[in-house]
>>> print(open('protein-v6.txt').read())   # compact mmCIF, C-alpha atoms
# COMPACT_ATOMS: atom_id res chain seq x y z
CA MET A 153 5.36 -8.76 -15.35
CA LYS A 154 2.11 -10.75 -15.50
CA ILE A 155 0.92 -14.01 -13.91
CA THR A 156 0.36 -16.65 -16.58
CA ALA A 157 -0.43 -19.85 -14.65
CA LEU A 158 -1.05 -21.38 -11.22
CA LYS A 159 -0.06 -25.04 -11.06
CA THR A 160 -0.77 -27.29 -8.07
CA PHE A 161 0.85 -30.55 -7.02
CA ILE A 162 -0.51 -32.87 -4.33
CA VAL A 163 2.57 -34.71 -3.06
CA PRO A 164 3.35 -37.22 -0.30
CA PRO A 165 3.32 -37.36 2.62
CA ARG A 166 0.39 -34.90 3.01
CA TRP A 167 1.38 -31.67 1.28
CA LEU A 168 0.12 -29.40 -1.50
CA PHE A 169 2.60 -27.31 -3.48
CA LEU A 170 1.75 -24.37 -5.75
CA LYS A 171 3.85 -22.91 -8.55
CA ILE A 172 2.94 -19.49 -9.94
CA GLU A 173 4.47 -18.71 -13.36
CA THR A 174 4.93 -15.34 -15.05
CA ASP A 175 5.51 -14.07 -18.57
CA GLU A 176 9.05 -13.03 -17.66
CA GLY A 177 10.15 -16.52 -16.71
CA VAL A 178 10.27 -15.84 -12.96
CA SER A 179 8.30 -18.37 -10.92
CA GLY A 180 7.46 -18.68 -7.25
CA TRP A 181 6.43 -21.55 -4.98
CA GLY A 182 3.96 -21.71 -2.11
CA GLU A 183 2.46 -24.35 0.15
CA PRO A 184 -1.32 -23.85 0.48
CA VAL A 185 -2.72 -26.71 2.54
CA ILE A 186 -4.88 -27.77 5.42
CA GLU A 187 -3.81 -31.21 6.56
CA GLY A 188 -6.50 -33.66 5.47
CA ARG A 189 -8.19 -31.15 3.14
CA ALA A 190 -5.59 -30.74 0.39
CA LEU A 191 -8.04 -31.33 -2.45
CA THR A 192 -10.45 -28.72 -1.10
CA VAL A 193 -7.73 -26.10 -0.74
CA GLU A 194 -6.48 -26.96 -4.22
CA ALA A 195 -9.93 -26.20 -5.63
CA ALA A 196 -9.99 -22.86 -3.82
CA VAL A 197 -6.58 -21.94 -5.27
CA HIS A 198 -7.82 -22.59 -8.80
CA GLU A 199 -10.96 -20.55 -8.18
CA MET A 200 -8.75 -17.62 -7.16
CA SER A 201 -6.67 -18.05 -10.32
CA ASP A 202 -9.56 -16.58 -12.33
CA TYR A 203 -8.69 -13.22 -10.78
CA LEU A 204 -4.92 -13.64 -10.56
CA ILE A 205 -4.01 -14.65 -14.11
CA GLY A 206 -2.99 -11.53 -16.00
CA GLN A 207 -2.22 -9.56 -12.84
CA ASP A 208 1.15 -8.12 -11.83
CA PRO A 209 2.48 -10.53 -9.15
CA ARG A 210 4.42 -7.75 -7.40
CA ARG A 211 1.25 -6.07 -6.06
CA ILE A 212 1.12 -8.49 -3.15
CA GLU A 213 -0.83 -6.41 -0.63
CA ASP A 214 -3.51 -5.51 -3.17
CA HIS A 215 -3.90 -9.12 -4.27
CA TRP A 216 -4.18 -10.20 -0.64
CA GLN A 217 -6.96 -7.73 0.03
CA VAL A 218 -8.86 -8.73 -3.11
CA MET A 219 -8.55 -12.45 -2.38
CA TYR A 220 -9.67 -11.94 1.23
CA ARG A 221 -12.42 -9.37 0.73
CA GLY A 222 -13.43 -9.84 -2.90
CA GLY A 223 -15.41 -13.03 -2.46
CA PHE A 224 -17.82 -11.45 0.07
CA TYR A 225 -17.49 -14.49 2.38
CA ARG A 226 -14.13 -14.54 4.10
CA GLY A 227 -11.92 -16.31 6.61
CA GLY A 228 -11.82 -19.94 7.67
CA PRO A 229 -9.27 -22.69 7.07
CA ILE A 230 -9.88 -23.36 3.37
CA LEU A 231 -9.94 -19.84 1.97
CA MET A 232 -7.15 -18.59 4.22
CA SER A 233 -4.93 -21.56 3.37
CA ALA A 234 -5.45 -20.97 -0.35
CA ILE A 235 -4.55 -17.30 0.13
CA ALA A 236 -1.56 -18.32 2.26
CA GLY A 237 0.08 -20.45 -0.41
CA ILE A 238 -0.57 -17.89 -3.13
CA ASP A 239 0.88 -15.17 -0.92
CA GLN A 240 4.04 -17.22 -0.27
CA ALA A 241 4.51 -17.77 -4.00
CA LEU A 242 4.04 -14.07 -4.78
CA TRP A 243 6.70 -13.11 -2.23
CA ASP A 244 8.96 -15.79 -3.71
CA ILE A 245 8.51 -14.26 -7.18
CA LYS A 246 9.20 -10.75 -5.94
CA GLY A 247 12.35 -11.79 -4.10
CA ARG A 248 13.66 -13.80 -7.02
CA ALA A 249 12.92 -11.00 -9.49
CA LEU A 250 14.96 -8.60 -7.34
CA GLY A 251 17.62 -11.15 -6.38
CA VAL A 252 17.07 -10.78 -2.62
CA PRO A 253 15.56 -12.89 0.18
CA VAL A 254 12.04 -12.03 1.26
CA HIS A 255 13.21 -10.86 4.68
CA GLU A 256 15.17 -8.06 3.02
CA LEU A 257 11.92 -6.82 1.45
CA LEU A 258 10.27 -6.91 4.88
CA GLY A 259 12.80 -4.55 6.45
CA GLY A 260 15.83 -6.75 6.91
CA GLN A 261 16.58 -9.46 9.40
CA CYS A 262 16.88 -8.87 13.13
CA ARG A 263 18.38 -12.35 13.71
CA ASP A 264 20.67 -14.68 11.78
CA ARG A 265 19.22 -17.96 13.07
CA ILE A 266 16.44 -19.22 15.30
CA LYS A 267 16.01 -22.03 17.77
CA VAL A 268 14.01 -25.01 16.50
CA TYR A 269 12.26 -27.92 18.17
CA SER A 270 11.59 -31.46 17.05
CA TRP A 271 8.63 -33.75 17.69
CA ILE A 272 8.95 -36.97 19.64
CA GLY A 273 6.50 -39.84 19.71
CA GLY A 274 3.39 -40.21 17.62
CA ASP A 275 -0.28 -39.72 18.19
CA ARG A 276 -0.24 -42.18 21.09
CA PRO A 277 3.08 -41.50 22.83
CA ALA A 278 5.11 -44.55 23.85
CA GLU A 279 8.78 -45.02 24.67
CA VAL A 280 9.04 -41.25 24.76
CA ALA A 281 12.13 -41.21 26.93
CA GLN A 282 14.20 -42.92 24.24
CA GLY A 283 12.69 -40.70 21.58
CA ALA A 284 13.68 -37.64 23.60
CA LYS A 285 17.25 -38.89 23.98
CA ASP A 286 17.45 -39.48 20.22
CA VAL A 287 16.33 -35.91 19.49
CA VAL A 288 18.91 -34.46 21.86
CA GLU A 289 21.64 -36.65 20.34
CA ARG A 290 20.72 -35.19 16.92
CA GLY A 291 21.57 -31.75 18.28
CA PHE A 292 18.15 -30.33 19.19
CA THR A 293 17.85 -28.41 22.45
CA ALA A 294 14.04 -28.36 22.50
CA LEU A 295 11.33 -30.90 21.76
CA LYS A 296 7.56 -31.26 21.73
CA MET A 297 5.35 -34.21 22.60
CA ASN A 298 1.65 -34.97 22.73
CA GLY A 299 0.37 -34.72 26.28
CA THR A 300 -2.45 -37.23 26.31
CA GLU A 301 -4.41 -39.76 24.39
CA GLU A 302 -8.16 -39.24 24.18
CA LEU A 303 -9.83 -37.66 27.21
CA GLN A 304 -13.51 -37.34 28.03
CA ILE A 305 -14.71 -33.91 29.16
CA VAL A 306 -14.47 -35.38 32.67
CA ASP A 307 -12.33 -38.48 32.86
CA SER A 308 -10.58 -40.70 35.38
CA HIS A 309 -7.44 -39.46 37.12
CA ASP A 310 -5.41 -42.44 35.95
CA LYS A 311 -5.19 -40.77 32.51
CA ILE A 312 -3.79 -37.65 34.15
CA ASP A 313 -1.28 -39.84 36.02
CA ALA A 314 -0.23 -41.54 32.77
CA ALA A 315 0.30 -38.21 30.98
CA VAL A 316 2.34 -36.82 33.87
CA GLU A 317 4.42 -39.99 34.01
CA ARG A 318 5.36 -39.64 30.32
CA VAL A 319 6.43 -36.03 30.81
CA ALA A 320 8.39 -36.99 33.92
CA MET A 321 10.19 -39.71 31.96
CA VAL A 322 11.18 -37.23 29.28
CA ARG A 323 12.43 -34.66 31.79
CA GLU A 324 14.50 -37.32 33.52
CA ALA A 325 15.88 -38.54 30.19
CA VAL A 326 17.02 -35.16 28.86
CA GLY A 327 17.88 -33.29 32.04
CA PRO A 328 16.84 -29.87 33.31
CA ASN A 329 18.02 -27.64 30.46
CA ILE A 330 16.27 -29.07 27.40
CA GLY A 331 13.07 -27.27 26.47
CA ILE A 332 9.99 -29.49 26.62
CA ALA A 333 6.68 -28.40 25.12
CA VAL A 334 3.56 -30.46 25.76
CA ASP A 335 0.77 -30.32 23.18
CA PHE A 336 -2.71 -31.01 24.53
CA HIS A 337 -3.84 -30.87 20.87
CA GLY A 338 -7.30 -29.65 21.83
CA ARG A 339 -8.00 -33.15 23.19
CA VAL A 340 -8.49 -31.82 26.70
CA HIS A 341 -11.55 -29.95 27.97
CA ARG A 342 -11.58 -27.39 30.77
CA PRO A 343 -12.14 -29.73 33.77
CA MET A 344 -9.28 -32.08 32.89
CA ALA A 345 -7.05 -29.27 31.59
CA ARG A 346 -7.19 -27.60 34.99
CA ALA A 347 -6.05 -30.82 36.66
CA LEU A 348 -3.36 -31.57 34.09
CA VAL A 349 -1.62 -28.17 34.01
CA LYS A 350 -1.41 -28.18 37.78
CA GLU A 351 0.16 -31.64 37.86
CA LEU A 352 2.70 -30.70 35.15
CA GLU A 353 3.93 -27.57 36.92
CA PRO A 354 7.00 -29.22 38.55
CA TYR A 355 8.49 -30.23 35.19
CA ARG A 356 9.37 -26.67 34.11
CA LEU A 357 7.89 -26.91 30.63
CA MET A 358 8.78 -24.56 27.80
CA PHE A 359 5.07 -24.18 27.01
CA ILE A 360 1.74 -25.99 27.00
CA GLU A 361 0.05 -25.93 23.59
CA GLU A 362 -3.71 -25.80 22.99
CA PRO A 363 -4.69 -26.69 26.57
CA VAL A 364 -8.25 -26.31 25.27
CA LEU A 365 -9.63 -25.79 21.78
CA SER A 366 -9.11 -22.31 20.38
CA GLU A 367 -12.85 -21.64 20.40
CA ASN A 368 -12.84 -22.08 24.19
CA THR A 369 -10.36 -19.33 25.05
CA GLU A 370 -12.61 -18.07 27.85
CA ALA A 371 -11.41 -21.11 29.81
CA LEU A 372 -7.75 -20.13 29.54
CA ARG A 373 -7.70 -17.52 32.30
CA ASP A 374 -8.86 -20.18 34.74
CA ILE A 375 -6.29 -22.67 33.49
CA ALA A 376 -3.38 -20.22 33.34
CA SER A 377 -3.92 -19.21 36.97
CA LEU A 378 -2.98 -22.73 38.07
CA SER A 379 0.48 -22.76 36.49
CA SER A 380 3.43 -20.54 35.63
CA THR A 381 3.99 -22.45 32.38
CA PRO A 382 3.50 -20.30 29.25
CA ILE A 383 0.35 -21.04 27.25
CA ALA A 384 0.53 -21.32 23.45
CA LEU A 385 -2.13 -21.64 20.75
CA GLY A 386 -3.02 -20.47 17.28
CA GLU A 387 -2.64 -23.22 14.69
CA ARG A 388 -6.45 -23.26 14.32
CA LEU A 389 -6.84 -19.50 14.01
CA PHE A 390 -6.72 -18.08 10.51
CA SER A 391 -6.55 -14.28 10.50
CA ARG A 392 -5.59 -11.27 12.58
CA TRP A 393 -9.26 -10.92 13.45
CA ASP A 394 -9.25 -14.43 14.96
CA PHE A 395 -6.14 -13.59 16.98
CA LYS A 396 -7.44 -10.18 18.06
CA SER A 397 -9.81 -11.50 20.72
CA VAL A 398 -7.15 -13.87 22.08
CA LEU A 399 -4.75 -10.96 22.54
CA GLU A 400 -7.41 -8.74 24.06
CA GLN A 401 -8.22 -11.39 26.67
CA ALA A 402 -4.54 -11.48 27.72
CA VAL A 403 -4.65 -15.23 28.32
CA VAL A 404 -1.96 -16.49 25.93
CA ASP A 405 1.83 -16.08 26.10
CA ILE A 406 2.76 -17.51 22.69
CA LEU A 407 0.88 -17.26 19.39
CA GLN A 408 1.38 -20.02 16.81
CA PRO A 409 0.07 -18.77 13.46
CA ASP A 410 0.64 -21.19 10.59
CA LEU A 411 1.95 -19.46 7.47
CA SER A 412 0.21 -22.05 5.28
CA HIS A 413 -3.12 -21.61 7.09
CA ALA A 414 -3.32 -18.00 8.26
CA GLY A 415 -3.02 -15.94 5.10
CA GLY A 416 0.69 -16.40 4.40
CA ILE A 417 3.58 -14.06 5.03
CA THR A 418 1.51 -10.91 4.54
CA GLU A 419 -1.05 -11.76 7.21
CA CYS A 420 1.25 -13.47 9.68
CA ARG A 421 3.59 -10.47 9.66
CA LYS A 422 0.64 -8.40 10.87
CA ILE A 423 -0.30 -11.02 13.47
CA ALA A 424 3.29 -11.02 14.76
CA SER A 425 3.26 -7.23 15.06
CA MET A 426 -0.04 -7.33 16.93
CA ALA A 427 1.41 -9.90 19.32
CA GLU A 428 4.51 -7.78 19.92
CA ALA A 429 2.30 -4.87 21.00
CA TYR A 430 0.81 -7.16 23.68
CA ASP A 431 4.26 -8.50 24.75
CA VAL A 432 3.31 -11.93 23.38
CA ALA A 433 5.80 -14.21 21.65
CA ILE A 434 5.30 -16.03 18.37
CA ALA A 435 6.37 -19.56 17.48
CA PRO A 436 4.98 -20.31 14.00
CA HIS A 437 3.24 -23.66 13.59
CA CYS A 438 4.85 -25.73 10.80
CA PRO A 439 4.62 -29.54 10.73
CA LEU A 440 4.62 -29.19 6.93
CA GLY A 441 6.99 -29.12 3.95
CA PRO A 442 10.07 -27.14 2.90
CA ILE A 443 8.25 -24.22 1.28
CA ALA A 444 6.16 -23.63 4.40
CA LEU A 445 9.25 -23.78 6.62
CA ALA A 446 11.15 -21.38 4.35
CA ALA A 447 8.24 -18.93 4.57
CA CYS A 448 8.21 -19.23 8.37
CA LEU A 449 11.92 -18.50 8.58
CA GLN A 450 11.48 -15.35 6.50
CA LEU A 451 8.94 -14.14 9.07
CA ASP A 452 11.11 -15.25 12.00
CA ALA A 453 13.97 -13.21 10.53
CA VAL A 454 12.06 -9.93 10.85
CA SER A 455 9.94 -10.58 13.96
CA TYR A 456 11.55 -9.47 17.23
CA ASN A 457 9.12 -11.59 19.27
CA ALA A 458 9.78 -14.87 17.41
CA PHE A 459 11.67 -17.23 19.73
CA ILE A 460 11.42 -20.75 18.34
CA GLN A 461 10.35 -22.47 15.12
CA GLU A 462 8.55 -25.77 14.64
CA GLN A 463 9.86 -27.94 11.78
CA SER A 464 9.05 -31.39 10.44
CA LEU A 465 12.42 -33.03 9.79
CA GLY A 466 11.94 -36.66 10.80
CA ILE A 467 8.40 -36.14 12.13
CA HIS A 468 6.26 -39.28 12.32
CA TYR A 469 3.95 -38.05 9.52
CA ASN A 470 6.83 -38.00 7.02
CA ALA A 471 7.09 -41.73 6.39
CA SER A 472 7.13 -41.62 2.57
CA ASN A 473 8.90 -38.28 2.02
CA ASP A 474 10.77 -35.99 4.36
CA LEU A 475 11.43 -32.27 4.55
CA LEU A 476 14.41 -32.00 2.21
CA ASP A 477 13.33 -34.50 -0.45
CA TYR A 478 11.73 -31.81 -2.60
CA ALA A 479 14.57 -29.26 -2.32
CA GLN A 480 17.43 -29.03 -4.79
CA ASN A 481 19.55 -27.06 -2.32
CA LYS A 482 19.66 -29.66 0.46
CA ASP A 483 21.64 -27.28 2.68
CA VAL A 484 18.93 -24.61 2.71
CA PHE A 485 18.07 -25.44 6.33
CA ARG A 486 21.39 -25.55 8.16
CA TYR A 487 20.85 -27.01 11.63
CA GLU A 488 23.51 -26.44 14.29
CA ASN A 489 23.44 -26.23 18.10
CA GLY A 490 19.66 -26.54 18.17
CA MET A 491 19.17 -23.68 15.73
CA VAL A 492 18.58 -23.24 12.02
CA ASP A 493 20.04 -20.46 9.87
CA ILE A 494 17.71 -18.04 8.12
CA PRO A 495 17.83 -18.84 4.37
CA SER A 496 19.79 -16.20 2.47
CA GLY A 497 18.93 -17.14 -1.12
CA PRO A 498 16.55 -15.08 -3.27
CA GLY A 499 12.84 -15.27 -2.58
CA LEU A 500 11.97 -17.85 0.06
CA GLY A 501 15.43 -19.34 -0.35
CA VAL A 502 14.38 -22.90 -1.18
CA ASP A 503 14.94 -24.17 -4.74
CA VAL A 504 12.18 -26.67 -5.43
CA ASP A 505 13.06 -29.80 -7.43
CA GLU A 506 10.21 -29.51 -9.89
CA GLU A 507 10.96 -32.77 -11.69
CA TYR A 508 10.77 -34.68 -8.43
CA VAL A 509 7.58 -32.82 -7.45
CA ILE A 510 5.94 -33.86 -10.74
CA GLU A 511 7.07 -37.45 -10.23
CA ARG A 512 5.71 -37.68 -6.68
CA ALA A 513 2.48 -35.89 -7.64
CA LYS A 514 1.66 -38.92 -9.80
CA GLU A 515 1.22 -40.82 -6.53
CA GLY A 516 -0.27 -37.91 -4.61
CA HIS A 517 -2.03 -38.62 -1.33
CA ARG A 518 -5.39 -38.65 0.40
CA TRP A 519 -4.09 -38.15 3.91
CA ARG A 520 -6.75 -38.00 6.61
CA ASN A 521 -6.33 -37.57 10.32
CA PRO A 522 -7.36 -40.51 12.52
CA ILE A 523 -10.87 -40.75 13.89
CA TRP A 524 -10.80 -41.62 17.57
CA ARG A 525 -13.62 -42.77 19.83
CA HIS A 526 -14.02 -43.03 23.56
CA ALA A 527 -14.75 -46.32 25.29
CA ASP A 528 -18.47 -45.44 25.20
CA GLY A 529 -18.42 -45.08 21.42
CA SER A 530 -18.62 -41.28 21.30
CA PHE A 531 -16.26 -39.22 19.15
CA ALA A 532 -12.93 -38.26 20.71
CA GLU A 533 -10.86 -35.23 19.69
CA TRP A 534 -7.66 -36.22 17.91
>>> encode(input="protein-v6.txt", output="structure tokens")
Amino acid sequence: MKITALKTFIVPPRWLFLKIETDEGVSGWGEPVIEGRALTVEAAVHEMSDYLIGQDPRRIEDHWQVMYRGGFYRGGPILMSAIAGIDQALWDIKGRALGVPVHELLGGQCRDRIKVYSWIGGDRPAEVAQGAKDVVERGFTALKMNGTEELQIVDSHDKIDAAVERVAMVREAVGPNIGIAVDFHGRVHRPMARALVKELEPYRLMFIEEPVLSENTEALRDIASLSSTPIALGERLFSRWDFKSVLEQAVVDILQPDLSHAGGITECRKIASMAEAYDVAIAPHCPLGPIALAACLQLDAVSYNAFIQEQSLGIHYNASNDLLDYAQNKDVFRYENGMVDIPSGPGLGVDVDEEYVIERAKEGHRWRNPIWRHADGSFAEW
């Protein structure tokens, strides 16, 4: 079997899909994307196709090593996202060629389903209590919300009060047994993060995500000492080498590798195993499309330390197209009692509606994240 073509499709709302074709008629799909940089990742995928065309797609580990090491310069969001989507598609091909789901090739599943959470609110949370009630009524038992709007490195305490009030409203709306995760989104710097985690302690959160930017992990020990709430991060880390220092510092309870950013199934399986050795959980980051989610669920199936999965059904980004629009098998993600079943079909388990993908790719997208500024005119982290 030989690879004959790599075809990319930029599709709404903000996704990039990849189809890898072979000379034996078996194809695989991947989702290589960095939100807001789809065109750049697409170019990197096509650069890597110079090596991949003519190769045997089943030699996944070897291809991963060549793509990562063979360009001399390595790592970072663009290259690792390109590798990630290619890797997903290669696993999809291998599973489909053998007629088995990817998790069977990874040793077999250790769970049949996994808990999922849903987002509430948007970038500037408002009416979050009603949003939380809606999520629970749809059957979810866990949710995530943005913690704050923009915050200066040192800011007024009224912004802390406002963030705490929103969390308090959500806890009151959903009761004591619904999991609530609060995403600081890297918007918060050490001084205000210390104040905020302490104030949020009474609300028994499931986890606090990115209390500071990933490059500032030295601040986490200080922050974690002020609260018993688990600390999560990892969506802006792109390889096991990035995660290594976080694990060695013993300051994080939950790693959130993104299987479309951090080297795909091959690399994230290794990250999950590293985390397990440090008694750290994983909760893969995935506010993306159906191929990315299917890849995450294959990893969740074989990772003992996976405990919850992010997913984008109904997320505020998905205004023009939602999670299942591009899937032919609309029942691939079966949600029940706050959980989703692990896909059991061959490969990644999702059958992509290629005709619809081609149609929507004619529109494409140029999604960009918002640019925020503080009251003084300086740039604010989004």
>>> atom_distance(input="protein-v6.txt", atom1="atom CA of A:Glu213", atom2="atom CA of A:Glu428")
21.3 Å
>>> residues_around(input="protein-v6.txt", residues="stretch 391-397 of chain A", least_positions_apart="6", cutoff="7 Å", atoms="all atoms listed in the file", output="PyMOL selection string")
chain A and resi 227+414-415+419+423
>>> closest_atom_pairs(input="protein-v6.txt", of="stretch 323-435 of chain A", to="stretch 278-301 of chain A", cutoff="9 Å", atoms="only C-alpha atoms", output="Markdown table")
| residue | atom | partner | partner_atom | distance |
| --- | --- | --- | --- | --- |
| A:Arg323 | CA | A:Ala281 | CA | 8.2 |
| A:Glu324 | CA | A:Ala281 | CA | 8.0 |
| A:Ala325 | CA | A:Ala281 | CA | 5.6 |
| A:Val326 | CA | A:Lys285 | CA | 6.1 |
| A:Asn329 | CA | A:Thr293 | CA | 8.0 |
| A:Ile330 | CA | A:Thr293 | CA | 5.2 |
| A:Gly331 | CA | A:Ala294 | CA | 4.2 |
| A:Ile332 | CA | A:Leu295 | CA | 5.2 |
| A:Ala333 | CA | A:Lys296 | CA | 4.5 |
| A:Val334 | CA | A:Met297 | CA | 5.2 |
| A:Asp335 | CA | A:Asn298 | CA | 4.8 |
| A:Phe336 | CA | A:Gly299 | CA | 5.1 |
| A:His337 | CA | A:Asn298 | CA | 7.1 |
| A:Arg339 | CA | A:Thr300 | CA | 7.6 |
| A:Val340 | CA | A:Thr300 | CA | 8.1 |
| A:Met358 | CA | A:Ala294 | CA | 8.4 |
| A:Ile360 | CA | A:Gly299 | CA | 8.9 |
>>> atom_distance(input="protein-v6.txt", atom1="atom CA of A:Ile417", atom2="atom CA of A:Glu515")
29.2 Å
>>> closest_atom_pairs(input="protein-v6.txt", of="stretch 331-432 of chain A", to="stretch 180-185 of chain A", cutoff="9 Å", atoms="only C-alpha atoms", output="tab-separated table")
residue	atom	partner	partner_atom	distance
A:Leu411	CA	A:Glu183	CA	8.8
A:Ser412	CA	A:Pro184	CA	5.3
A:His413	CA	A:Val185	CA	6.8
A:Gly416	CA	A:Pro184	CA	8.7
>>> closest_residue(input="protein-v6.txt", among="A:Pro229, A:Gly260, A:Pro164, A:Gly327", to="A:Glu387", atoms="all atoms listed in the file")
A:Pro229
